[in-house]
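Structure, as C-alpha cells:
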Amino acid sequence: MGREGHGVSTTIDKAFEALYASDDGSLDTAASLLAADPGTDAELARRGEEFVRTLWTRGWQPADLVRMARRDLADEHVRLVSDLIRTETAGYGRLPHRWQAQIDALDDSAARPTDRFSRATTVLELYRLLVRLPRLDAVGPVPGETLPPAAAGEPRMLTRIRALLAKAEATGYPEEAEALTAKAQELMARHSLDEATLAAGAPTPETPGAIRIGVEPPYEQAKAILLDAMATANHCRAVWNETYGFSTVVGFEADLDPVELLYTSLLVQGTAAMTRAEAEQRAGGRKRTKSFRQSFLLAYANRLGARLAATSRRVAAEAPTLLPALASREVAVTTRTDELFPETRTTRVRAAWDEAGWTHGASAADRAGLHPNRPHLP
C-alpha cells in the first residue's frame, strides 16, 4: 500500500473507533475527520460493502438490513444501505432463492444533496448499526455458496394463489373477497397434500427450510399472531423475534411462499376492514382508539386461524391415506424448529381490551371466511 492509501486507511480506522463508542460526540468528531478528506470516500464505501458481506455470513438478508435501518434510523440511511446491498450483490453470478425479490424491493430513490459532514454522519450512523447487529440463525444459503439448481419460473399453483389473493384485495365486495381467499387456502391445502404424496415416494426425504417475514409496527403482536395462524394452518411453524421485527417461518419449501402470500393478503384485507369499522365508529360518535384497533386485529387473527385450520383439516380428511405422511412432515417441521430455536418462550398478549373492536374484528374474519362453495357476487 502506498503512502496515500495508507493515510486513507489510517483516517478511516481512526474514524471507525466511533462506531464502538457510546456517545454521539465521538461520531461528530469522526464525521468531521472524514468530511475533511475527500480521498476517503471510495475506501469508506468499500468498507460498507464489507460490513454487508459479513452480515450475510451472520444470517442476515437484504430485507432484514433495510428493516433495521428503517426502524432505527431515517430515510437517508435506508437509501444508503440499499445502495450498499445492490453494489455488494451485483458481483455474484446467482443469488439465493428469494434474494432477488428482496433486492428488487430496495429503495431506489435518489439521495438528497447534502454537505460532506452530514453525509459522513449518515454513513457512520448506518455503519454503527451494522457492526452491532448480532448473529442470526441462517434461513438459507449465503451469496457465493454453492446453490441448488434454479427453478424454471414460478410454480403454477403459486401463480394461481397470487392471482386469487390479488383479486380478493382489490374487490369492493366482502363476499367475493371471502370466496377468493377461501379458494386460495384450499389450493394451498391441496398442494401440500400433493407434495406429501411425492415426498412419501422420494428416495431422499426433503428437509424443512425457513423464511424470515417482517412483522412491522404498529400492532406487531397481533400481526405476529396472524402470521402464526397462517403458518400453523399450513403445516409450518412461526417464531416471532420481537426485538428485530420479524418472524421466522419453518416448513417445507412448497408451503413457505404460500404462507407469506396469504399472510400479506389477509393483513391487507384486515387493515381495510379495520378502517371501514373505524369509519362506522366515528359515524356513531365514537373516537377511534388504539385499543379498538388492537382488539380488532387480535380477534381477526384468532378467528381466521381457526377457520384456516378447519379448511386444512377438511381437505386432508378427503385423502385419509395421506394422513401418516402429513403427520411425519409436521414432526419434521417441529424438530427443525426446535433445532433452530431451542430457547423459545410463550409471550402473553399485551393489549387493552375493547369489546367493539373485538366484535368487529371477529366479524371481519368471518367475512374473509373460507367457504369456497358460496357464490361470487358480480
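Every chain in the C-alpha cells has a letter given in the order shown (A, B, ...), and although residue numbers restart at 1 in each chain, ligands are simply numbered from 1 in the order shown.
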Checklist entry - Using the chain letters and numbers from this document, which residues of segment 13-200 of chain A does DSSP assign to helix (DSSP H, G or I), as a count of residues only? => result 130
Next on the checklist: List the spatial neighbours of segment 75-79 of chain A as an MDAnalysis selection string - criterion: any atom at most 7 Å away, only C-alpha atoms, same-chain residues fewer than 5 positions off excluded.
Outcome noted: chainID A and resid 66 69:70 107:108 111 122 126
Checklist entry - Closest to Leu165 of chain A among A:Gly214, A:Gly59, A:Pro258, A:Gly7, using only C-alpha atoms? => result A:Pro258
Checklist entry - So how far away is atom CA of Ile161 of chain A from atom CA of Glu178 of chain A, in Å? => result 13.8 Å
Item to check | Near-Glu242 of chain A list (10 Å; only C-alpha atoms; drop same-chain fewer than 2 positions) as a VMD selection string | outcome: chain A and resid 215 to 216 220 to 221 224 239 to 240 244 to 247 347
Checklist entry - Please, which residues of segment 81-314 of chain A, numbered as in this document, come out strand (DSSP E) from DSSP, as a ChimeraX atom specification? => result /A:209-214,237-241,246-251
For segment 333-342 of chain A, work out the shell of residues within 12 Å, counting only C-alpha atoms and skipping chain neighbours fewer than 3 positions away, then give it as an mmCIF file with C-alpha atoms, in the first residue's frame.
data_model
loop_
_atom_site.group_PDB
_atom_site.id
_atom_site.type_symbol
_atom_site.label_atom_id
_atom_site.label_comp_id
_atom_site.auth_asym_id
_atom_site.auth_seq_id
_atom_site.Cartn_x
_atom_site.Cartn_y
_atom_site.Cartn_z
ATOM 1 C CA LEU A 136 -28.972 -14.741 13.436
ATOM 2 C CA ASP A 137 -29.963 -18.315 12.709
ATOM 3 C CA ALA A 138 -29.431 -18.840 8.979
ATOM 4 C CA VAL A 139 -32.579 -19.454 6.927
ATOM 5 C CA GLU A 206 -36.735 -33.451 1.788
ATOM 6 C CA THR A 207 -35.838 -31.475 4.905
ATOM 7 C CA PRO A 208 -37.754 -28.408 6.138
ATOM 8 C CA GLY A 209 -36.427 -24.946 5.334
ATOM 9 C CA ALA A 210 -37.265 -21.476 6.654
ATOM 10 C CA ILE A 211 -38.006 -17.910 5.600
ATOM 11 C CA ALA A 231 -48.273 -20.933 9.354
ATOM 12 C CA THR A 232 -49.943 -23.442 11.669
ATOM 13 C CA ASN A 234 -50.441 -24.782 6.526
ATOM 14 C CA HIS A 235 -48.143 -27.272 8.290
ATOM 15 C CA CYS A 236 -45.496 -24.683 9.241
ATOM 16 C CA ARG A 237 -44.303 -23.114 12.484
ATOM 17 C CA ALA A 238 -43.664 -19.414 13.141
ATOM 18 C CA VAL A 239 -41.278 -17.998 15.753
ATOM 19 C CA TRP A 240 -41.551 -14.253 16.432
ATOM 20 C CA ASN A 241 -38.444 -12.168 17.140
ATOM 21 C CA SER A 247 -40.978 -13.951 12.393
ATOM 22 C CA THR A 248 -39.148 -16.993 11.099
ATOM 23 C CA VAL A 249 -41.497 -19.462 9.419
ATOM 24 C CA VAL A 250 -40.206 -23.039 9.324
ATOM 25 C CA GLY A 251 -41.710 -25.533 6.905
ATOM 26 C CA PHE A 252 -41.264 -27.495 3.730
ATOM 27 C CA GLU A 253 -40.336 -25.409 0.711
ATOM 28 C CA ASP A 255 -45.537 -24.362 1.898
ATOM 29 C CA LEU A 256 -43.361 -21.347 2.724
ATOM 30 C CA LEU A 326 -48.647 -35.302 6.658
ATOM 31 C CA ALA A 327 -48.064 -36.210 10.301
ATOM 32 C CA SER A 328 -44.486 -37.219 9.506
ATOM 33 C CA ARG A 329 -43.847 -33.897 7.777
ATOM 34 C CA GLU A 330 -45.280 -31.949 10.704
ATOM 35 C CA ARG A 345 -40.827 -18.854 25.085
#
Next on the checklist: Which residue is closest to Ala199 of chain A? Choose from A:Leu322, A:Ala306, A:Leu19, A:Leu130 and count only C-alpha atoms.
Outcome noted: A:Leu322
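Among A:Val259, A:Leu95, A:Val142, A:Ala15, the residue with the shortest atom-to-atom distance to Ala120 of chain A, counting only C-alpha atoms, is A:Ala15.
Distances from A:Thr121, A:Ala110, A:Asp41, A:Pro143 to Ile85 of chain A were compared using only C-alpha atoms, and the smallest one belongs to A:Pro143.
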